[in-house]
file input-v7.pdb (PDB, C-alpha atoms)
ATOM      1  CA  VAL V  21    -229.769  57.997 -91.265
ATOM      2  CA  PRO V  22    -233.424  57.757 -90.081
ATOM      3  CA  ALA V  23    -235.672  56.438 -92.880
ATOM      4  CA  GLN V  24    -238.479  59.019 -92.815
ATOM      5  CA  GLY V  25    -238.443  60.247 -96.429
ATOM      6  CA  TYR V  26    -236.067  62.163 -98.701
ATOM      7  CA  GLN V  27    -237.387  65.540 -97.493
ATOM      8  CA  SER V  28    -237.685  64.607 -93.809
ATOM      9  CA  PHE V  29    -234.288  65.721 -92.567
ATOM     10  CA  ASN V  30    -232.744  64.953 -89.170
ATOM     11  CA  ASP V  31    -229.735  66.428 -87.388
ATOM     12  CA  ILE V  32    -226.853  63.962 -87.120
ATOM     13  CA  ILE V  33    -224.708  65.161 -84.205
ATOM     14  CA  TRP V  34    -221.103  64.207 -83.463
ATOM     15  CA  THR V  35    -219.420  65.755 -80.416
ATOM     16  CA  ILE V  36    -215.609  65.831 -80.487
ATOM     17  CA  ASN V  37    -212.770  67.881 -78.983
ATOM     18  CA  LEU V  38    -211.030  70.158 -81.512
ATOM     19  CA  GLU V  39    -207.824  72.053 -80.939
ATOM     20  CA  GLU V  40    -207.067  75.278 -82.822
ATOM     21  CA  ASN V  41    -206.111  74.167 -86.333
ATOM     22  CA  ASP V  42    -207.261  73.906 -89.980
ATOM     23  CA  TYR V  43    -209.584  70.952 -90.615
ATOM     24  CA  VAL V  44    -211.224  69.100 -93.506
ATOM     25  CA  LEU V  45    -214.566  67.359 -92.836
ATOM     26  CA  LYS V  46    -215.288  64.522 -95.281
ATOM     27  CA  VAL V  47    -218.948  63.467 -95.618
ATOM     28  CA  LEU V  48    -219.246  59.969 -97.107
ATOM     29  CA  SER V  49    -222.074  57.452 -97.576
ATOM     30  CA  PHE V  50    -221.139  53.805 -98.123
ATOM     31  CA  SER V  51    -224.715  52.808 -98.975
ATOM     32  CA  GLY V  52    -225.723  55.905-100.951
ATOM     33  CA  ARG V  53    -229.387  56.945-101.369
ATOM     34  CA  ILE V  54    -229.268  59.832 -98.858
ATOM     35  CA  ASN V  55    -229.944  63.572 -99.072
ATOM     36  CA  LEU V  56    -227.835  66.235 -97.336
ATOM     37  CA  CYS V  57    -228.969  69.809 -96.753
ATOM     38  CA  SER V  58    -226.329  71.374 -94.479
ATOM     39  CA  VAL V  59    -223.141  70.937 -92.470
ATOM     40  CA  SER V  60    -222.286  73.023 -89.417
ATOM     41  CA  ILE V  61    -219.518  73.158 -86.819
ATOM     42  CA  ILE V  62    -220.923  74.567 -83.553
ATOM     43  CA  PRO V  63    -219.171  75.069 -80.199
ATOM     44  CA  THR V  64    -220.980  73.056 -77.518
ATOM     45  CA  ASN V  65    -219.542  74.928 -74.551
ATOM     46  CA  SER V  66    -220.591  78.489 -75.364
ATOM     47  CA  THR V  67    -224.007  80.125 -75.578
ATOM     48  CA  GLU V  68    -222.458  83.387 -76.824
ATOM     49  CA  SER V  69    -221.425  81.782 -80.105
ATOM     50  CA  GLY V  70    -224.865  80.262 -80.655
ATOM     51  CA  GLY V  71    -223.809  76.738 -79.766
ATOM     52  CA  ALA V  72    -225.922  74.374 -77.691
ATOM     53  CA  VAL V  73    -224.876  73.265 -74.218
ATOM     54  CA  GLN V  74    -225.971  70.230 -72.299
ATOM     55  CA  PRO V  75    -228.671  70.800 -69.667
ATOM     56  CA  PRO V  76    -227.338  70.992 -66.103
ATOM     57  CA  PHE V  77    -228.784  67.631 -65.101
ATOM     58  CA  ILE V  78    -229.038  63.968 -66.059
ATOM     59  CA  LEU V  79    -232.087  62.135 -64.744
ATOM     60  CA  PRO V  80    -232.487  58.363 -64.700
ATOM     61  CA  ALA V  81    -235.838  57.391 -66.213
ATOM     62  CA  LEU V  82    -237.420  56.683 -62.821
ATOM     63  CA  GLU V  83    -236.749  60.197 -61.488
ATOM     64  CA  TYR V  84    -239.933  61.660 -62.996
ATOM     65  CA  SER V  85    -242.114  64.170 -61.163
ATOM     66  CA  ASP V  86    -245.453  63.073 -62.648
ATOM     67  CA  ALA V  87    -246.789  60.169 -64.691
ATOM     68  CA  SER V  88    -249.867  58.998 -66.578
ATOM     69  CA  GLU V  89    -250.121  55.197 -66.492
ATOM     70  CA  LYS V  90    -253.035  53.066 -67.726
ATOM     71  CA  THR V  91    -252.521  50.022 -65.499
ATOM     72  CA  PRO V  92    -252.092  49.916 -61.700
ATOM     73  CA  GLU V  93    -249.494  47.101 -61.669
ATOM     74  CA  SER V  94    -245.789  47.804 -62.132
ATOM     75  CA  TYR V  95    -243.952  45.200 -64.212
ATOM     76  CA  GLY V  96    -240.199  44.668 -64.412
ATOM     77  CA  GLY V  97    -239.174  44.824 -60.761
ATOM     78  CA  CYS V  98    -237.518  48.285 -60.727
ATOM     79  CA  ASN V  99    -240.278  50.683 -59.720
ATOM     80  CA  GLN V 100    -241.358  50.678 -56.075
ATOM     81  CA  LYS V 101    -243.425  53.911 -56.188
ATOM     82  CA  GLY V 102    -246.769  52.109 -56.497
ATOM     83  CA  ASP V 103    -247.940  54.278 -59.403
ATOM     84  CA  GLY V 104    -248.103  51.516 -62.025
ATOM     85  CA  VAL V 105    -245.164  52.745 -64.138
ATOM     86  CA  ASP V 106    -243.311  49.719 -65.529
ATOM     87  CA  ALA V 107    -239.510  49.536 -65.315
ATOM     88  CA  GLN V 108    -236.878  46.826 -65.669
ATOM     89  CA  PRO V 109    -233.082  46.546 -65.295
ATOM     90  CA  THR V 110    -231.271  47.818 -68.402
ATOM     91  CA  THR V 111    -228.233  46.213 -70.030
ATOM     92  CA  ASP V 112    -227.236  49.381 -71.897
ATOM     93  CA  GLU V 113    -223.775  50.474 -70.692
ATOM     94  CA  ILE V 114    -224.247  54.135 -71.635
ATOM     95  CA  CYS V 115    -227.462  54.221 -69.604
ATOM     96  CA  GLN V 116    -225.644  52.649 -66.679
ATOM     97  CA  ASP V 117    -222.319  54.522 -66.816
ATOM     98  CA  ARG V 118    -222.921  57.943 -68.364
ATOM     99  CA  ASP V 119    -226.502  58.441 -67.176
ATOM    100  CA  GLN V 120    -226.337  56.506 -63.885
ATOM    101  CA  SER V 121    -229.598  54.747 -64.785
ATOM    102  CA  SER V 122    -229.718  51.067 -63.866
ATOM    103  CA  CYS V 123    -233.339  50.686 -65.018
ATOM    104  CA  ASN V 124    -235.399  51.658 -68.037
ATOM    105  CA  ILE V 125    -239.101  52.435 -68.387
ATOM    106  CA  GLY V 126    -240.824  49.760 -70.487
ATOM    107  CA  TRP V 127    -244.184  48.197 -71.388
ATOM    108  CA  TRP V 128    -245.162  51.669 -72.648
ATOM    109  CA  ASP V 129    -248.789  51.863 -73.797
ATOM    110  CA  PRO V 130    -249.970  54.474 -76.321
ATOM    111  CA  GLU V 131    -250.420  57.971 -74.852
ATOM    112  CA  GLU V 132    -248.877  57.130 -71.483
ATOM    113  CA  TYR V 133    -246.444  59.840 -70.435
ATOM    114  CA  LEU V 134    -243.857  60.920 -67.875
ATOM    115  CA  VAL V 135    -242.987  64.448 -66.732
ATOM    116  CA  TYR V 136    -239.513  65.572 -65.666
ATOM    117  CA  SER V 137    -238.922  68.869 -63.841
ATOM    118  CA  PHE V 138    -235.796  71.027 -64.005
ATOM    119  CA  SER V 139    -234.665  74.643 -63.651
ATOM    120  CA  ILE V 140    -232.438  76.929 -65.696
ATOM    121  CA  PRO V 141    -230.810  79.871 -63.837
ATOM    122  CA  SER V 142    -231.475  83.282 -65.384
ATOM    123  CA  SER V 143    -227.735  83.712 -65.888
ATOM    124  CA  ALA V 144    -227.590  80.523 -67.982
ATOM    125  CA  ALA V 145    -230.232  81.301 -70.621
ATOM    126  CA  GLY V 146    -229.281  80.078 -74.099
ATOM    127  CA  MET V 147    -229.479  77.205 -76.557
ATOM    128  CA  TYR V 148    -229.631  73.758 -74.956
ATOM    129  CA  THR V 149    -229.671  70.216 -76.274
ATOM    130  CA  VAL V 150    -232.414  68.206 -74.586
ATOM    131  CA  ARG V 151    -231.530  64.510 -74.703
ATOM    132  CA  VAL V 152    -233.642  61.415 -74.096
ATOM    133  CA  ARG V 153    -232.239  57.923 -74.506
ATOM    134  CA  ALA V 154    -234.828  55.564 -75.969
ATOM    135  CA  ALA V 155    -235.155  52.179 -77.668
ATOM    136  CA  ALA V 156    -237.696  50.323 -79.801
ATOM    137  CA  SER V 157    -237.930  46.886 -81.352
ATOM    138  CA  ARG V 158    -240.061  47.746 -84.400
ATOM    139  CA  ALA V 159    -240.104  50.626 -86.874
ATOM    140  CA  GLY V 160    -242.757  53.310 -86.605
ATOM    141  CA  ARG V 161    -242.524  53.854 -82.843
ATOM    142  CA  ASP V 162    -242.551  57.505 -81.810
ATOM    143  CA  ILE V 163    -241.529  59.605 -78.841
ATOM    144  CA  ALA V 164    -242.998  63.080 -78.340
ATOM    145  CA  LEU V 165    -241.242  65.730 -76.248
ATOM    146  CA  GLU V 166    -243.243  68.661 -74.920
ATOM    147  CA  LEU V 167    -241.571  71.482 -73.022
ATOM    148  CA  THR V 168    -243.171  74.281 -71.018
ATOM    149  CA  THR V 169    -242.523  76.509 -68.064
ATOM    150  CA  VAL V 170    -244.227  75.517 -64.818
ATOM    151  CA  GLY V 171    -247.792  76.846 -64.712
ATOM    152  CA  ALA V 172    -248.092  77.492 -68.450
ATOM    153  CA  SER V 173    -251.201  76.371 -70.329
ATOM    154  CA  SER V 174    -251.100  73.489 -72.805
ATOM    155  CA  SER V 175    -251.289  75.991 -75.698
ATOM    156  CA  GLU V 176    -247.876  77.315 -74.662
ATOM    157  CA  TRP V 177    -246.123  73.946 -74.847
ATOM    158  CA  ASN V 178    -243.260  73.655 -77.324
ATOM    159  CA  SER V 179    -243.319  70.148 -78.805
ATOM    160  CA  LYS V 180    -241.347  67.901 -81.138
ATOM    161  CA  LEU V 181    -242.058  64.377 -82.440
ATOM    162  CA  PHE V 182    -239.244  61.884 -83.112
ATOM    163  CA  TRP V 183    -239.085  58.326 -84.448
ATOM    164  CA  VAL V 184    -237.141  55.887 -82.279
ATOM    165  CA  PRO V 185    -234.627  53.723 -84.214
ATOM    166  CA  ALA V 186    -235.813  50.108 -84.332
ATOM    167  CA  GLU V 187    -232.724  48.255 -83.126
ATOM    168  CA  GLY V 188    -234.124  46.280 -80.157
ATOM    169  CA  TYR V 189    -235.550  47.059 -76.732
ATOM    170  CA  GLN V 190    -232.070  47.196 -75.134
ATOM    171  CA  SER V 191    -230.349  48.982 -78.046
ATOM    172  CA  PHE V 192    -230.782  52.577 -76.921
ATOM    173  CA  ASN V 193    -230.147  55.722 -78.958
ATOM    174  CA  ASP V 194    -229.902  59.375 -77.933
ATOM    175  CA  ILE V 195    -232.797  61.488 -79.225
ATOM    176  CA  LEU V 196    -231.640  65.131 -79.390
ATOM    177  CA  TRP V 197    -233.699  68.317 -79.495
ATOM    178  CA  THR V 198    -232.046  71.748 -79.530
ATOM    179  CA  VAL V 199    -234.145  74.532 -77.963
ATOM    180  CA  PHE V 200    -233.687  78.000 -76.477
ATOM    181  CA  LEU V 201    -234.323  78.086 -72.726
ATOM    182  CA  GLU V 202    -234.678  81.216 -70.630
ATOM    183  CA  GLY V 203    -234.062  81.210 -66.915
ATOM    184  CA  ASN V 204    -237.162  79.498 -65.504
ATOM    185  CA  ASP V 205    -238.652  76.319 -64.004
ATOM    186  CA  TYR V 206    -239.542  73.783 -66.696
ATOM    187  CA  ARG V 207    -241.545  70.609 -67.211
ATOM    188  CA  LEU V 208    -240.490  68.150 -69.925
ATOM    189  CA  LYS V 209    -243.305  65.773 -70.890
ATOM    190  CA  VAL V 210    -242.190  62.536 -72.576
ATOM    191  CA  GLN V 211    -244.992  60.677 -74.339
ATOM    192  CA  SER V 212    -245.380  57.972 -76.967
ATOM    193  CA  ASN V 213    -248.467  57.976 -79.165
ATOM    194  CA  THR V 214    -247.611  54.537 -80.533
ATOM    195  CA  GLY V 215    -246.275  52.966 -77.326
ATOM    196  CA  LYS V 216    -243.860  50.009 -77.400
ATOM    197  CA  ILE V 217    -240.723  52.013 -76.526
ATOM    198  CA  ASN V 218    -238.206  51.941 -73.680
ATOM    199  CA  LEU V 219    -236.705  54.980 -71.963
ATOM    200  CA  CYS V 220    -233.614  54.975 -69.766
ATOM    201  CA  SER V 221    -232.704  58.623 -69.131
ATOM    202  CA  VAL V 222    -233.476  62.294 -69.697
ATOM    203  CA  ALA V 223    -230.944  65.145 -69.821
TER     204      ALA V 223
END
call {"tool": "encode", "arguments": {"input": "input-v7.pdb", "output": "structure tokens"}}
result
Amino acid sequence: VPAQGYQSFNDIIWTINLEENDYVLKVLSFSGRINLCSVSIIPTNSTESGGAVQPPFILPALEYSDASEKTPESYGGCNQKGDGVDAQPTTDEICQDRDQSSCNIGWWDPEEYLVYSFSIPSSAAGMYTVRVRAAASRAGRDIALELTTVGASSSEWNSKLFWVPAEGYQSFNDILWTVFLEGNDYRLKVQSNTGKINLCSVA
């Protein structure tokens, strides 16, 4: 459970396959000292029932459409675009296998950002789970997600700030944000105000 305070709640998400049956969900804490505010069972393959579905894309970290980088040199050996974004080979198997990302963005300075572009068909409007896979070595490192339609002003951006678990620069975790998306062209801006994070994929 993220350590952000007893009234700073986070969604803990577990995706499993359930057949038609009667179930009992047991919620247990071995360490104690946690607060719980709700439990929900939501279909992840249906927008009609209010459940969230995965976006229709998975992008390796280097497949960004725009970037803001403070230094002209690219460290790590992965990025050949000449835009100064730093990237290195990742050892995370989920990044490599599920997300098809052999490299991760690193050496992230405060307020640097990347932008990823994607489209949602009008027939597929509904609740979606936006996922970024990030890592940090020390506590207190953030990642900010800002979502807007193409051409919208900055005042129309929908944003959310997350804290990246401090488990090591190659110990990645999925950061999940559930949002409603209409059919449109979108830009997802990924920024860190603190810096010192790694990013391997966006979905």
call {"tool": "resolve_selection", "arguments": {"input": "input-v7.pdb", "expression": "the PyMOL selection byres ((chain V and resi 136) around 10)", "output": "list in words"}}
result
Leu79, Ala81, Leu82, Glu83, Tyr84, Ser85, Asp86, Ala87, Leu134, Val135, Ser137, Phe138, Leu167, Tyr206, Arg207, Leu208, Lys209, Val210, Val222 and Ala223 of chain V
call {"tool": "write_last_selection", "arguments": {"input": "input-v7.pdb", "atoms": "C-alpha atoms", "output": "PDB file, in the coordinates of the input"}}
result
ATOM      1  CA  LEU V  79    -232.087  62.135 -64.744  1.00  0.00           C
ATOM      2  CA  ALA V  81    -235.838  57.391 -66.213  1.00  0.00           C
ATOM      3  CA  LEU V  82    -237.420  56.683 -62.821  1.00  0.00           C
ATOM      4  CA  GLU V  83    -236.749  60.197 -61.488  1.00  0.00           C
ATOM      5  CA  TYR V  84    -239.933  61.660 -62.996  1.00  0.00           C
ATOM      6  CA  SER V  85    -242.114  64.170 -61.163  1.00  0.00           C
ATOM      7  CA  ASP V  86    -245.453  63.073 -62.648  1.00  0.00           C
ATOM      8  CA  ALA V  87    -246.789  60.169 -64.691  1.00  0.00           C
ATOM      9  CA  LEU V 134    -243.857  60.920 -67.875  1.00  0.00           C
ATOM     10  CA  VAL V 135    -242.987  64.448 -66.732  1.00  0.00           C
ATOM     11  CA  SER V 137    -238.922  68.869 -63.841  1.00  0.00           C
ATOM     12  CA  PHE V 138    -235.796  71.027 -64.005  1.00  0.00           C
ATOM     13  CA  LEU V 167    -241.571  71.482 -73.022  1.00  0.00           C
ATOM     14  CA  TYR V 206    -239.542  73.783 -66.696  1.00  0.00           C
ATOM     15  CA  ARG V 207    -241.545  70.609 -67.211  1.00  0.00           C
ATOM     16  CA  LEU V 208    -240.490  68.150 -69.925  1.00  0.00           C
ATOM     17  CA  LYS V 209    -243.305  65.773 -70.890  1.00  0.00           C
ATOM     18  CA  VAL V 210    -242.190  62.536 -72.576  1.00  0.00           C
ATOM     19  CA  VAL V 222    -233.476  62.294 -69.697  1.00  0.00           C
ATOM     20  CA  ALA V 223    -230.944  65.145 -69.821  1.00  0.00           C
TER      21      ALA V 223
END
call {"tool": "closest_residue", "arguments": {"input": "input-v7.pdb", "among": "V:Phe182, V:Tyr189, V:Tyr133, V:Tyr95", "to": "Ala23 of chain V", "atoms": "only C-alpha atoms"}}
result
V:Phe182
call {"tool": "closest_residue", "arguments": {"input": "input-v7.pdb", "among": "V:Phe192, V:Trp197, V:Phe29, V:Trp128", "to": "Leu165 of chain V", "atoms": "all atoms listed in the file"}}
result
V:Trp197
call {"tool": "residues_around", "arguments": {"input": "input-v7.pdb", "residues": "Glu187 of chain V", "least_positions_apart": "3", "cutoff": "7 Å", "atoms": "only C-alpha atoms", "output": "number ranges by chain"}}
result
V: 156-157, 191
call {"tool": "closest_residue", "arguments": {"input": "input-v7.pdb", "among": "V:Leu219, V:Ile195, V:Ile163, V:Ile125", "to": "Val105 of chain V", "atoms": "all atoms listed in the file"}}
result
V:Ile125
call {"tool": "residues_around", "arguments": {"input": "input-v7.pdb", "residues": "Glu113 of chain V", "least_positions_apart": "3", "cutoff": "10 Å", "atoms": "only C-alpha atoms", "output": "PyMOL selection string"}}
result
chain V and resi 110+116-122+190-192
call {"tool": "residues_around", "arguments": {"input": "input-v7.pdb", "residues": "Val21 of chain V", "least_positions_apart": "5", "cutoff": "9 Å", "atoms": "all atoms listed in the file", "output": "mmCIF file with C-alpha atoms, in the coordinates of the input"}}
result
data_model
loop_
_atom_site.group_PDB
_atom_site.id
_atom_site.type_symbol
_atom_site.label_atom_id
_atom_site.label_comp_id
_atom_site.auth_asym_id
_atom_site.auth_seq_id
_atom_site.Cartn_x
_atom_site.Cartn_y
_atom_site.Cartn_z
ATOM 1 C CA ASN V 30 -232.744 64.953 -89.170
ATOM 2 C CA ILE V 32 -226.853 63.962 -87.120
ATOM 3 C CA ILE V 54 -229.268 59.832 -98.858
#
call {"tool": "resolve_selection", "arguments": {"input": "input-v7.pdb", "expression": "the PyMOL selection byres ((chain V and resi 199) around 10)", "output": "list of chain:residue names"}}
result
V:Ala72, V:Gly146, V:Met147, V:Tyr148, V:Thr149, V:Val150, V:Leu167, V:Asn178, V:Leu196, V:Trp197, V:Thr198, V:Phe200, V:Leu201, V:Glu202
call {"tool": "atom_distance", "arguments": {"input": "input-v7.pdb", "atom1": "atom CA of Ala155 of chain V", "atom2": "atom CA of Ile217 of chain V"}}
result
5.7 Å
call {"tool": "closest_residue", "arguments": {"input": "input-v7.pdb", "among": "V:Val170, V:Val184, V:Ala159, V:Ile61", "to": "Ile140 of chain V", "atoms": "all atoms listed in the file"}}
result
V:Val170
call {"tool": "atom_distance", "arguments": {"input": "input-v7.pdb", "atom1": "atom CA of Thr169 of chain V", "atom2": "atom CA of Lys216 of chain V"}}
result
28.1 Å
call {"tool": "build_atoms", "arguments": {"input": "input-v7.pdb", "residues": "segment 188-203 of chain V", "atoms": "N, CA, C and O atoms", "output": "PDB file, keeping the file's coordinate frame"}}
result
ATOM      1  N   GLY V 188    -233.957  47.199 -81.279  1.00  0.00           N
ATOM      2  CA  GLY V 188    -234.124  46.280 -80.157  1.00  0.00           C
ATOM      3  C   GLY V 188    -234.409  47.033 -78.884  1.00  0.00           C
ATOM      4  O   GLY V 188    -233.992  48.190 -78.713  1.00  0.00           O
ATOM      5  N   TYR V 189    -235.111  46.384 -77.953  1.00  0.00           N
ATOM      6  CA  TYR V 189    -235.550  47.059 -76.732  1.00  0.00           C
ATOM      7  C   TYR V 189    -234.409  47.420 -75.785  1.00  0.00           C
ATOM      8  O   TYR V 189    -234.587  48.244 -74.892  1.00  0.00           O
ATOM      9  N   GLN V 190    -233.222  46.827 -75.951  1.00  0.00           N
ATOM     10  CA  GLN V 190    -232.070  47.196 -75.134  1.00  0.00           C
ATOM     11  C   GLN V 190    -230.961  47.838 -75.970  1.00  0.00           C
ATOM     12  O   GLN V 190    -229.834  47.984 -75.505  1.00  0.00           O
ATOM     13  N   SER V 191    -231.297  48.253 -77.193  1.00  0.00           N
ATOM     14  CA  SER V 191    -230.349  48.982 -78.046  1.00  0.00           C
ATOM     15  C   SER V 191    -230.792  50.441 -78.081  1.00  0.00           C
ATOM     16  O   SER V 191    -231.562  50.854 -78.952  1.00  0.00           O
ATOM     17  N   PHE V 192    -230.318  51.208 -77.110  1.00  0.00           N
ATOM     18  CA  PHE V 192    -230.782  52.577 -76.921  1.00  0.00           C
ATOM     19  C   PHE V 192    -230.035  53.560 -77.820  1.00  0.00           C
ATOM     20  O   PHE V 192    -228.872  53.352 -78.169  1.00  0.00           O
ATOM     21  N   ASN V 193    -230.723  54.630 -78.184  1.00  0.00           N
ATOM     22  CA  ASN V 193    -230.147  55.722 -78.958  1.00  0.00           C
ATOM     23  C   ASN V 193    -230.510  57.046 -78.300  1.00  0.00           C
ATOM     24  O   ASN V 193    -231.578  57.186 -77.698  1.00  0.00           O
ATOM     25  N   ASP V 194    -229.616  58.035 -78.429  1.00  0.00           N
ATOM     26  CA  ASP V 194    -229.902  59.375 -77.933  1.00  0.00           C
ATOM     27  C   ASP V 194    -230.803  60.102 -78.927  1.00  0.00           C
ATOM     28  O   ASP V 194    -230.481  60.190 -80.123  1.00  0.00           O
ATOM     29  N   ILE V 195    -231.913  60.629 -78.447  1.00  0.00           N
ATOM     30  CA  ILE V 195    -232.797  61.488 -79.225  1.00  0.00           C
ATOM     31  C   ILE V 195    -232.510  62.919 -78.787  1.00  0.00           C
ATOM     32  O   ILE V 195    -232.610  63.249 -77.604  1.00  0.00           O
ATOM     33  N   LEU V 196    -232.128  63.793 -79.723  1.00  0.00           N
ATOM     34  CA  LEU V 196    -231.640  65.131 -79.390  1.00  0.00           C
ATOM     35  C   LEU V 196    -232.567  66.196 -79.944  1.00  0.00           C
ATOM     36  O   LEU V 196    -233.008  66.126 -81.087  1.00  0.00           O
ATOM     37  N   TRP V 197    -232.825  67.204 -79.115  1.00  0.00           N
ATOM     38  CA  TRP V 197    -233.699  68.317 -79.495  1.00  0.00           C
ATOM     39  C   TRP V 197    -233.063  69.605 -78.996  1.00  0.00           C
ATOM     40  O   TRP V 197    -232.899  69.787 -77.790  1.00  0.00           O
ATOM     41  N   THR V 198    -232.689  70.500 -79.903  1.00  0.00           N
ATOM     42  CA  THR V 198    -232.046  71.748 -79.530  1.00  0.00           C
ATOM     43  C   THR V 198    -233.089  72.857 -79.407  1.00  0.00           C
ATOM     44  O   THR V 198    -233.847  73.115 -80.351  1.00  0.00           O
ATOM     45  N   VAL V 199    -233.143  73.507 -78.243  1.00  0.00           N
ATOM     46  CA  VAL V 199    -234.145  74.532 -77.963  1.00  0.00           C
ATOM     47  C   VAL V 199    -233.488  75.699 -77.225  1.00  0.00           C
ATOM     48  O   VAL V 199    -232.429  75.550 -76.625  1.00  0.00           O
ATOM     49  N   PHE V 200    -234.127  76.856 -77.275  1.00  0.00           N
ATOM     50  CA  PHE V 200    -233.687  78.000 -76.477  1.00  0.00           C
ATOM     51  C   PHE V 200    -234.446  77.996 -75.157  1.00  0.00           C
ATOM     52  O   PHE V 200    -235.680  77.919 -75.131  1.00  0.00           O
ATOM     53  N   LEU V 201    -233.715  78.086 -74.051  1.00  0.00           N
ATOM     54  CA  LEU V 201    -234.323  78.086 -72.726  1.00  0.00           C
ATOM     55  C   LEU V 201    -233.928  79.350 -71.976  1.00  0.00           C
ATOM     56  O   LEU V 201    -232.741  79.661 -71.844  1.00  0.00           O
ATOM     57  N   GLU V 202    -234.923  80.081 -71.511  1.00  0.00           N
ATOM     58  CA  GLU V 202    -234.678  81.216 -70.630  1.00  0.00           C
ATOM     59  C   GLU V 202    -234.526  80.716 -69.197  1.00  0.00           C
ATOM     60  O   GLU V 202    -234.816  79.559 -68.897  1.00  0.00           O
ATOM     61  N   GLY V 203    -234.098  81.583 -68.322  1.00  0.00           N
ATOM     62  CA  GLY V 203    -234.062  81.210 -66.915  1.00  0.00           C
ATOM     63  C   GLY V 203    -235.477  81.009 -66.393  1.00  0.00           C
ATOM     64  O   GLY V 203    -236.269  81.945 -66.392  1.00  0.00           O
TER      65      GLY V 203
END
